[in-house]
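Colleague: Provided herewith is a single structure, encoded as structure tokens, for subsequent inquiry.
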Amino acid sequence: MDVEQLHIVLQQSFSPDVNLRGPAEETIRNLKHVKGSTVLLLQVAAETQVQFEVRQAAAIQLKNICRECWAERVNFAGYPLTADGKKPPLLEEDDKGRIRPGLVAALLAEAEKSLRDLIAETLHTIVIHDFPQNWPDLIPTLLQTIQHGANDPSQALRVHNALLALRKVCKRYEYKSKDQRGPLNEIVKQAFPLLLPLAQRLSVPEEHSLEAAMMLKQILKIFWSSTQFYLPGDDGNGPSPALSNPQSMQPWLDILQRTLVKPLPEASTGQEPKGQPISVEERNAWPWWKVKKWAVQIMSRLFSRYGIPSYAEDDAKEFAKYFSQNVATQFLGPVCETLNLRPSGQFCTDRVVHLCLTYVDLAVELSSTYKLLKPHLDFLLYQVCFPTMCLTQEDIEVFENDPHEFVHRQNSPLADFYDPRMSAITLVTDLVKHRGQDITQNLLGRMTEILQRYNASPPESKNHVEKDGALLTFGSLSKFLLAKDKYAAELEGLLVTSVFPDFNSPVAFLRYRACWMVQQFSTVRWSDDGSNLRNLIQLNLQRLSDPALPVQIEASKSLRYLIEADGAEQTLLPVLPQLLTEYFRIMNEIGNDEVVSALQVLLDKFGDHIEPHATQLVTQLSNAFNQYCTAGEDEDDDDAAMAAAQCLECIATVLKGICDQPSIMKNLEPQLIPLILKIMGNDGEYIEYLECALDILTFLTYFPDTISAELWQAFPLIYVAFDQWAYDYLNMMVPCLQSYIAKAPDVFLQGQAQLQEGMIPYIDLIVSMVAKTVTNDKASESECRYALSLFMSLLHNCHSKIDMYIPIINEISLGKLGQQVNAEIPLTRISIYQILGSAFYYNPQLELIELEKRGVTQQVFGKWMKDVEKMDRWLPRKLTILGMSSLLSLPIASMPPSMTASVPQLIDGVARMAISLKEDEQKKVDEGNNTDDIPAENALANSIGDLDQGFGEDEDVTNEVDESYRKALQGVTSWDDDMAKFLLGGDWDEDREDVDEDFSSPLTDNAVDELLFLSDVLTGAFQREPEAYQQIQATMSPEATTNCQKIFQAAAQMRAQAAQQSTQQS
């Protein structure tokens, strides 16, 4: 294929004629297999004479192929990612060598923004794999372009694009830990001396061109990527010059300040910079407003990291001291001037307001900046924050004309990061929390005046927006007000006089606010006989069928809070069927995860009463899931996608409510199995729902006595998901796999899966999952223990049927034991002892052969007996007793000499362990529920403190929780690995309870009592080989002999009690 042919194919891909478009699209899909295709795509994308749409299509294909084929991609486990079971082809080195310089040349010359962004993204992909080792000339090329064009206006485009490329390279290292930032530190060392004078020139008050703004924006983005987590050092290990010489950062800080104070007049004034757009959307994208946004974002980040010296890391204390004493106060004036734009009738973007409020919020905590703010608190609260919190005319129009969009905005998880209303609320609450003596009384008084004025005004002059803002203020302060008796006592009156009437207000957004207020004050103490609460519930129930969708949504969310109030159940239970109907009607209207979450709370609360509704509920929830799932996929609706996941959680809640009715659960399989197969059988397309699907599958496999043939369809899909796209979901896969093995071991042993490699027995899939996990360096020890528990399931449920798998089970388990033999935390070793104990119980002769074959018998038993003292859980102790006892069922002559000599110690150790385990079990029975309830402290009030006091103006705000969190963050060694575990709740703490707690099998469910088993084995051994065991007994200590007698006596007593109970029952 040549460039002309490729050009034709790309053109035909836009053709309305399917006969032309179809073959063209197929050709494009196969381009990754064609040598040289990427070079041709780059030529088409870079040729300015080619039709724009064709160039864009070429750039998109180039980006996709480079992302997929530049280097082998691996999943979380380190295994190659595949498409349809096949690994994508890798680009040849010759093509790569031509793409790298060609891509830079194309990017530097590109004027079209969309194409420029596509090419820059492709460059970023290649940088991830090739920089710096295979692309050493990239940075010199970019810096040379910047240097040559810095003072030449005709080169502005090339300079801007070089800066764009440089930002993409810096972004590669933005989240790296200190010791992985060597290349970034080197880039800063080379680039910043070049970028600083350029940024200084671009930020002078006389510079007004859009080209200057665009270049300055890229420079600030480079600065952000280089400094947001760590100030760059001299090299990979050296300290940052800014830390040793804080004044060296001052020129950059001056640039930020000049950028923020730059006036941006309306276009109608004719003043520079000219051409400010009229529409808000275009203003938000205007380069000069973007520059301001980056300036205040950088300064806010620096403030958050270095503004309070006591919070700074040890090596940054000096810089933090300089920042807090000089920079923080110096920048506060420009920030407040920017916040004054809107009150003075000028324009300011939401993003800039949001970031300025974030900066002021940080300034509240630092005494030097708070002193400057204190005289202007009224301005901040009532001219900036309160108007920002109030609904705008646009908000009201969206509420009335596009309720779905209004709901989406109000529930957006990203609102905290861009919505000025959220930052205004945060600032007000933090002022009350930290500087309450200067704020609280005045603020509550002003808000109360607004409510009183509203109540006293005639209908035609009531200010509904102002009242909504006052209620929003009270609601945002709810946790502070509820925590202090002085204010909590007044809240009932506030609700009755200013909130109850709004449930029937003709103003829809006030009805919405009334429902929202219920959520904030659901725990208020009612002083009457309960009529106020009943009235509130009835008012809320009426709003479920409100004409306005946002009101319905808030009402449905409110019930999840009201349901916990004393007396609420009596009011809601009689109308449960109608409630469920209303919830499903609302869910059919809009996908909102909080509505579904509220339904889940309702179902959980009334779990004992949902059995009659179970089938209808699951059917409705399954339909809702499919509806939301389609919306989330086809329409890119994040709210619907979250609601879909919540539907699955609701289904699990229903199943939890009927888990003691397995027949009903069986009847639900026709609705649930297609849903599970859809999620698990589409190559990870629905991975966001996998956790919920596995929960449902666990219910369906664990509680019913049998597993249907239809349910077995999911078994091989679990393996495929683990193997190809969901390795890190192993811990959630194990419980349902254990149920499959336990409920139908014969079906499991006969089952086979049709995979790409052919027909593979189910048991081989289990062994493969364990092997891949245990041998993977990236697997956590917790994941290894979960995987190893599958071997216990095999050994416990497939007795005498898996002899041929004993060698591989030992190979994997003993290999892992060798790795863990000196590990400080013994949990993984204990998991392996459980497997060894299970294997000895399964067949002691076979297991002993495996240990002897490897020459590790003595070492394994020696370490095992030492680790017995570290076993505090019931399961490993029981399996150790059963396994070691099983050894005594072998003839002495069949034991290796090393074992023969150790039999007395073995008997002594096992007997002591069995007695100790029984004593511990009896203690638990005796203790029963004799634990005194500990009165709960008012932790909320203690953590909040006195909102009438707070910190004095000469004090920095300190917080033990924040300090602990900061120290934890500083202990993180890598933002790639440790930070992910820390934030996502991963395997941060290895020393925690494990899968053992929920493990169930014939051995663990009291089918085999370890003390009776030991008694029988010892009795059988003495009868089988009396002379040998008399000699063994002669070498045992008196204490050991006494323990054996205790075992026999306890066993006889247990059998007598069992016989007596059996006689009584018959």
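Going by the structure tokens order, chains are called A, B, ..., each with residues numbered from 1, while ligands are numbered from 1 in the order shown.
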Excluding Cys385 in chain A and its own-chain neighbours fewer than 3 positions away, which residues fall within 10 Å of it when counting only C-alpha atoms? Please give them as a compact mmCIF listing (two decimals) with all heavy atoms, in the first residue's frame.

Modeller:
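File written: result-v5.txt
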# COMPACT_ATOMS: atom_id res chain seq x y z
N LEU A 339 -11.57 37.70 43.24
CA LEU A 339 -12.88 37.35 43.79
C LEU A 339 -13.83 38.54 43.80
O LEU A 339 -15.05 38.38 43.86
CB LEU A 339 -12.72 36.80 45.21
CG LEU A 339 -12.12 35.39 45.33
CD1 LEU A 339 -11.88 35.02 46.78
CD2 LEU A 339 -13.03 34.36 44.66
N LEU A 357 -11.22 30.61 45.67
CA LEU A 357 -11.84 30.26 46.94
C LEU A 357 -11.05 29.15 47.63
O LEU A 357 -10.94 29.13 48.87
CB LEU A 357 -13.29 29.82 46.72
CG LEU A 357 -14.27 30.94 46.36
CD1 LEU A 357 -15.61 30.36 45.92
CD2 LEU A 357 -14.47 31.89 47.54
N ASP A 378 -16.75 39.91 56.22
CA ASP A 378 -18.09 40.22 55.72
C ASP A 378 -18.11 40.21 54.20
O ASP A 378 -19.05 39.70 53.57
CB ASP A 378 -18.56 41.57 56.25
CG ASP A 378 -19.20 41.44 57.62
OD1 ASP A 378 -19.09 40.34 58.21
OD2 ASP A 378 -19.80 42.42 58.10
N PHE A 379 -17.08 40.81 53.61
CA PHE A 379 -16.98 40.79 52.14
C PHE A 379 -16.92 39.36 51.63
O PHE A 379 -17.64 38.98 50.69
CB PHE A 379 -15.73 41.57 51.71
CG PHE A 379 -15.27 41.25 50.31
CD1 PHE A 379 -15.94 41.75 49.20
CD2 PHE A 379 -14.16 40.42 50.10
CE1 PHE A 379 -15.51 41.43 47.91
CE2 PHE A 379 -13.73 40.11 48.82
CZ PHE A 379 -14.40 40.61 47.73
N LEU A 380 -16.07 38.54 52.24
CA LEU A 380 -15.92 37.16 51.79
C LEU A 380 -17.22 36.37 51.94
O LEU A 380 -17.64 35.66 51.02
CB LEU A 380 -14.83 36.47 52.62
CG LEU A 380 -13.41 36.46 52.06
CD1 LEU A 380 -12.47 35.77 53.03
CD2 LEU A 380 -13.37 35.80 50.70
N LEU A 381 -17.86 36.51 53.09
CA LEU A 381 -19.05 35.69 53.37
C LEU A 381 -20.27 36.14 52.58
O LEU A 381 -20.98 35.31 51.99
CB LEU A 381 -19.36 35.72 54.86
CG LEU A 381 -18.41 34.90 55.76
CD1 LEU A 381 -18.68 35.21 57.23
CD2 LEU A 381 -18.59 33.41 55.51
N TYR A 382 -20.52 37.45 52.56
CA TYR A 382 -21.82 37.92 52.08
C TYR A 382 -21.78 38.53 50.68
O TYR A 382 -22.83 38.71 50.07
CB TYR A 382 -22.41 38.90 53.10
CG TYR A 382 -22.42 38.32 54.49
CD1 TYR A 382 -21.70 38.91 55.54
CD2 TYR A 382 -23.09 37.13 54.76
CE1 TYR A 382 -21.68 38.36 56.80
CE2 TYR A 382 -23.07 36.57 56.02
CZ TYR A 382 -22.36 37.18 57.04
OH TYR A 382 -22.34 36.61 58.28
N THR A 388 -22.38 33.14 45.64
CA THR A 388 -21.91 31.98 44.87
C THR A 388 -22.70 30.73 45.22
O THR A 388 -22.95 29.87 44.37
CB THR A 388 -20.40 31.75 45.13
OG1 THR A 388 -19.68 32.94 44.81
CG2 THR A 388 -19.87 30.61 44.29
N MET A 389 -23.12 30.62 46.47
CA MET A 389 -23.90 29.46 46.91
C MET A 389 -25.33 29.51 46.40
O MET A 389 -25.98 28.46 46.24
CB MET A 389 -23.89 29.37 48.43
CG MET A 389 -22.52 29.04 49.02
SD MET A 389 -22.42 29.29 50.81
CE MET A 389 -23.59 28.08 51.41
N CYS A 390 -25.85 30.70 46.16
CA CYS A 390 -27.25 30.83 45.72
C CYS A 390 -27.42 30.35 44.28
O CYS A 390 -26.50 30.40 43.46
CB CYS A 390 -27.70 32.29 45.83
SG CYS A 390 -27.95 32.85 47.52
N PRO A 420 -17.67 26.33 41.74
CA PRO A 420 -17.41 27.36 42.77
C PRO A 420 -18.39 27.29 43.92
O PRO A 420 -18.06 27.69 45.04
CB PRO A 420 -17.53 28.67 41.99
CG PRO A 420 -18.31 28.35 40.76
CD PRO A 420 -17.99 26.93 40.42
N ARG A 421 -19.60 26.77 43.68
CA ARG A 421 -20.57 26.65 44.77
C ARG A 421 -20.01 25.71 45.85
O ARG A 421 -20.12 25.98 47.05
CB ARG A 421 -21.91 26.13 44.24
CG ARG A 421 -22.97 25.97 45.34
CD ARG A 421 -24.32 25.56 44.78
NE ARG A 421 -24.95 26.66 44.08
CZ ARG A 421 -25.20 26.69 42.78
NH1 ARG A 421 -24.86 25.66 42.01
NH2 ARG A 421 -25.78 27.73 42.21
N MET A 422 -19.38 24.61 45.41
CA MET A 422 -18.83 23.66 46.38
C MET A 422 -17.67 24.27 47.14
O MET A 422 -17.53 24.06 48.36
CB MET A 422 -18.39 22.38 45.66
CG MET A 422 -19.52 21.61 44.98
SD MET A 422 -20.85 21.17 46.11
CE MET A 422 -19.97 20.16 47.28
N SER A 423 -16.81 25.03 46.46
CA SER A 423 -15.67 25.63 47.16
C SER A 423 -16.13 26.74 48.10
O SER A 423 -15.53 26.96 49.16
CB SER A 423 -14.64 26.15 46.16
OG SER A 423 -15.23 27.00 45.21
N ALA A 424 -17.23 27.43 47.75
CA ALA A 424 -17.78 28.44 48.65
C ALA A 424 -18.33 27.79 49.91
O ALA A 424 -18.12 28.28 51.04
CB ALA A 424 -18.87 29.24 47.94
N ILE A 425 -19.04 26.68 49.75
CA ILE A 425 -19.57 25.95 50.91
C ILE A 425 -18.42 25.47 51.79
O ILE A 425 -18.47 25.59 53.02
CB ILE A 425 -20.42 24.75 50.43
CG1 ILE A 425 -21.71 25.25 49.76
CG2 ILE A 425 -20.74 23.81 51.58
CD1 ILE A 425 -22.50 24.16 49.06
N THR A 426 -17.37 24.94 51.16
CA THR A 426 -16.22 24.46 51.92
C THR A 426 -15.57 25.59 52.71
O THR A 426 -15.20 25.42 53.88
CB THR A 426 -15.19 23.81 50.98
OG1 THR A 426 -15.80 22.74 50.27
CG2 THR A 426 -13.99 23.29 51.75
N LEU A 427 -15.44 26.75 52.08
CA LEU A 427 -14.83 27.89 52.76
C LEU A 427 -15.67 28.32 53.97
O LEU A 427 -15.14 28.57 55.06
CB LEU A 427 -14.64 29.05 51.79
CG LEU A 427 -14.12 30.37 52.37
CD1 LEU A 427 -12.82 30.15 53.13
CD2 LEU A 427 -13.93 31.40 51.26
N VAL A 428 -16.98 28.40 53.78
CA VAL A 428 -17.85 28.81 54.90
C VAL A 428 -17.75 27.80 56.04
O VAL A 428 -17.61 28.18 57.22
CB VAL A 428 -19.31 28.94 54.41
CG1 VAL A 428 -20.25 29.14 55.60
CG2 VAL A 428 -19.44 30.12 53.44

Colleague: Can you pull out every residue within 8 Å of range 187-202 of chain A, counting only C-alpha atoms, but drop anything in the same chain fewer than 5 positions away, and send it as a list of chain:residue names?

Modeller: A:Ile139, A:Leu143, A:Gln147, A:Ala150, A:Cys170, A:Glu207, A:Ala212, A:Ala213, A:Met215, A:Leu216, A:Ile219, A:Ser226, A:Pro232, A:Asp234, A:Pro251, A:Trp252, A:Ile255

Colleague: Within 12 Å of Ser279 in chain A, counting only C-alpha atoms, which residues show up once you throw out same-chain ones fewer than 6 positions away? Write them as a ChimeraX atom specification, please.

Modeller: /A:266-267,285-286,347,349

Colleague: For the residues in the current selection, export C-alpha atoms as a PDB file, in the first residue's frame.

Modeller:
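Okay, this is what ended up in again_25.pdb:
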ATOM      1  CA  GLU A 266     -14.810  43.390  27.935  1.00  0.00           C
ATOM      2  CA  ALA A 267     -14.434  43.433  24.161  1.00  0.00           C
ATOM      3  CA  ALA A 285     -11.808  28.493  26.645  1.00  0.00           C
ATOM      4  CA  TRP A 286     -10.178  31.893  26.000  1.00  0.00           C
ATOM      5  CA  PHE A 347     -16.857  38.605  34.554  1.00  0.00           C
ATOM      6  CA  THR A 349     -14.864  32.129  35.010  1.00  0.00           C
TER       7      THR A 349
END

Colleague: For the helix (DSSP H, G or I) assignment from backbone DSSP, which residues of range 485-632 of chain A qualify? Please present them as number ranges by chain.

Modeller: A: 485-498, 500-504, 508-520, 531-543, 549-562, 568-589, 593-605, 607-609, 611-632

Colleague: Residues of the last selection are to be written out with C-alpha atoms, as a compact mmCIF listing (two decimals), in the first residue's frame.

Modeller:
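Here's the written file again_31.txt:
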# COMPACT_ATOMS: atom_id res chain seq x y z
CA ASP A 485 -26.60 21.29 72.34
CA LYS A 486 -26.90 25.07 72.22
CA TYR A 487 -27.73 24.93 68.50
CA ALA A 488 -29.21 21.43 68.31
CA ALA A 489 -32.09 22.51 70.56
CA GLU A 490 -33.09 25.19 68.05
CA LEU A 491 -33.07 22.95 64.97
CA GLU A 492 -36.51 21.42 65.49
CA GLY A 493 -38.05 24.90 65.41
CA LEU A 494 -36.04 25.79 62.31
CA LEU A 495 -37.33 22.73 60.48
CA VAL A 496 -40.95 23.15 61.54
CA THR A 497 -41.18 26.86 60.70
CA SER A 498 -38.90 27.19 57.67
CA PHE A 500 -41.95 21.91 56.64
CA PRO A 501 -43.98 24.60 54.77
CA ASP A 502 -41.66 24.33 51.76
CA PHE A 503 -42.70 20.73 51.09
CA ASN A 504 -45.87 22.25 49.64
CA ALA A 508 -40.21 23.72 42.93
CA PHE A 509 -36.61 24.33 43.94
CA LEU A 510 -37.71 25.12 47.50
CA ARG A 511 -39.53 21.75 47.62
CA TYR A 512 -36.24 20.27 46.40
CA ARG A 513 -34.33 22.09 49.14
CA ALA A 514 -36.79 20.91 51.81
CA CYS A 515 -36.10 17.28 50.87
CA TRP A 516 -32.36 18.00 50.90
CA MET A 517 -32.61 19.54 54.38
CA VAL A 518 -34.16 16.31 55.68
CA GLN A 519 -31.00 14.48 54.69
CA GLN A 520 -28.81 16.94 56.59
CA SER A 531 -46.04 13.65 65.44
CA ASN A 532 -43.42 15.94 63.89
CA LEU A 533 -41.44 12.94 62.63
CA ARG A 534 -44.59 11.27 61.29
CA ASN A 535 -45.58 14.53 59.62
CA LEU A 536 -42.12 14.87 58.09
CA ILE A 537 -42.23 11.31 56.72
CA GLN A 538 -45.67 11.91 55.20
CA LEU A 539 -44.52 15.18 53.63
CA ASN A 540 -41.49 13.41 52.21
CA LEU A 541 -43.58 10.51 50.87
CA GLN A 542 -45.84 12.97 49.03
CA ARG A 543 -42.82 14.46 47.26
CA LEU A 549 -38.07 15.20 38.80
CA PRO A 550 -35.29 16.74 40.96
CA VAL A 551 -37.73 16.88 43.88
CA GLN A 552 -38.62 13.21 43.38
CA ILE A 553 -34.92 12.33 43.40
CA GLU A 554 -34.21 14.23 46.62
CA ALA A 555 -37.32 12.80 48.30
CA SER A 556 -36.26 9.26 47.44
CA LYS A 557 -32.78 9.96 48.82
CA SER A 558 -34.22 11.47 52.02
CA LEU A 559 -36.05 8.31 53.00
CA ARG A 560 -32.78 6.43 53.47
CA TYR A 561 -32.01 8.84 56.32
CA LEU A 562 -35.49 9.03 57.81
CA ALA A 568 -40.14 5.56 61.21
CA GLU A 569 -40.57 1.83 60.58
CA GLN A 570 -44.18 1.82 61.80
CA THR A 571 -45.05 4.59 59.36
CA LEU A 572 -43.22 3.14 56.34
CA LEU A 573 -43.86 -0.60 56.61
CA PRO A 574 -47.59 -0.44 55.78
CA VAL A 575 -46.83 1.44 52.56
CA LEU A 576 -43.81 -0.69 51.54
CA PRO A 577 -45.40 -1.98 48.27
CA GLN A 578 -46.31 1.56 47.19
CA LEU A 579 -42.84 2.76 48.16
CA LEU A 580 -41.20 0.13 45.98
CA THR A 581 -43.46 1.10 43.09
CA GLU A 582 -42.49 4.77 43.43
CA TYR A 583 -38.81 3.95 43.55
CA PHE A 584 -38.97 1.88 40.39
CA ARG A 585 -40.96 4.57 38.64
CA ILE A 586 -38.26 7.13 39.48
CA MET A 587 -35.54 4.69 38.47
CA ASN A 588 -37.21 4.21 35.11
CA GLU A 589 -37.15 7.97 34.67
CA ASP A 593 -26.98 5.83 41.88
CA GLU A 594 -28.09 7.59 45.06
CA VAL A 595 -31.75 6.75 44.36
CA VAL A 596 -30.84 3.10 43.91
CA SER A 597 -28.64 3.29 47.00
CA ALA A 598 -31.62 4.64 48.97
CA LEU A 599 -33.70 1.70 47.71
CA GLN A 600 -30.94 -0.61 48.91
CA VAL A 601 -31.14 0.87 52.42
CA LEU A 602 -34.89 0.41 52.33
CA LEU A 603 -34.54 -3.25 51.32
CA ASP A 604 -31.90 -3.83 53.97
CA LYS A 605 -34.07 -2.28 56.65
CA GLY A 607 -35.23 -7.46 54.77
CA ASP A 608 -37.63 -9.67 56.73
CA HIS A 609 -40.58 -8.30 54.76
CA GLU A 611 -39.76 -12.06 50.55
CA PRO A 612 -43.20 -11.59 48.92
CA HIS A 613 -41.72 -8.93 46.66
CA ALA A 614 -38.42 -10.70 45.87
CA THR A 615 -39.24 -11.90 42.36
CA GLN A 616 -40.74 -8.57 41.31
CA LEU A 617 -37.82 -6.69 42.85
CA VAL A 618 -35.16 -8.75 41.09
CA THR A 619 -37.01 -8.56 37.79
CA GLN A 620 -37.35 -4.78 38.05
CA LEU A 621 -33.75 -4.33 39.16
CA SER A 622 -32.47 -6.56 36.34
CA ASN A 623 -34.44 -4.55 33.81
CA ALA A 624 -33.18 -1.31 35.33
CA PHE A 625 -29.60 -2.60 35.20
CA ASN A 626 -29.89 -3.42 31.50
CA GLN A 627 -31.44 -0.02 30.82
CA TYR A 628 -28.77 1.90 32.75
CA CYS A 629 -25.98 -0.26 31.40
CA THR A 630 -27.02 0.50 27.83
CA ALA A 631 -27.27 4.23 28.60
CA GLY A 632 -23.87 4.20 30.27

Colleague: For each of A:Gln858, A:Gln1030, A:Ser739, A:Thr958, take the minimum atom-to-atom distance to Ser310 in chain A, counting only C-alpha atoms, then give the residue where this is smallest.

Modeller: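 Among the listed residues, A:Thr958 lies closest to Ser310 in chain A.
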
Colleague: Nearest residue to Asn401 in chain A out of A:Ala548, A:Asp872, A:Phe1048, A:Cys692, using only C-alpha atoms?

Modeller: A:Ala548

Colleague: Compile the contact shell of range 741-756 of chain A as a count of residues only: residues with an atom at most 7 Å away, counting only C-alpha atoms, same-chain residues fewer than 6 positions apart removed.

Modeller: 10

Colleague: Excluding range 406-412 of chain A and its own-chain neighbours fewer than 2 positions away, which residues fall within 8 Å of it when counting only C-alpha atoms? Please give them as a count of residues only.

Modeller: 11

Colleague: Applying 12 Å and only C-alpha atoms, which residues near Arg1055 in chain A remain after dropping the ones on its own chain fewer than 2 positions away? List them as a PyMOL selection string.

Modeller: chain A and resi 1009+1011-1013+1015-1016+1048-1053+1057-1062

Colleague: Quick one: residues within 10 Å of Val327 in chain A, only C-alpha atoms counted, chain neighbours fewer than 2 positions away excluded, as a ChimeraX atom specification?

Modeller: /A:250,253-254,257,299,302-303,307,320-325,329-332

Colleague: Between A:Gln155, A:Asn245, A:Ser782, A:Ser545, single out the one closest to Ser831 in chain A, counting only C-alpha atoms.

Modeller: A:Ser782

Colleague: Which is closest to Pro334 in chain A among A:Lys371, A:Lys262, A:Lys290, A:Arg785, if we use only C-alpha atoms?

Modeller: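 Nearest candidate to Pro334 in chain A out of A:Lys371, A:Lys262, A:Lys290, A:Arg785: A:Lys262.
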
Colleague: Determine the nearest neighbour of Leu472 in chain A from the options A:Ser838, A:Ser889, A:Thr1019, A:Thr429, counting only C-alpha atoms.

Modeller: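 Among the listed residues, A:Thr429 lies closest to Leu472 in chain A.
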
Colleague: What are the closest atom pairs, with distances in Å to one decimal, for all residues of range 464-547 of chain A lying within 9 Å of range 435-450 of chain A? Consider only C-alpha atoms, order rows by chain and residue number, and present the result as a Markdown table.

Modeller:
| residue | atom | partner | partner_atom | distance |
| --- | --- | --- | --- | --- |
| A:Glu466 | CA | A:Ile450 | CA | 7.2 |
| A:Lys467 | CA | A:Ile450 | CA | 6.4 |
| A:Gly469 | CA | A:Met447 | CA | 8.7 |
| A:Ala470 | CA | A:Met447 | CA | 5.2 |
| A:Leu471 | CA | A:Met447 | CA | 8.0 |
| A:Thr473 | CA | A:Met447 | CA | 7.7 |
| A:Phe474 | CA | A:Met447 | CA | 7.8 |
| A:Leu494 | CA | A:Thr448 | CA | 9.0 |
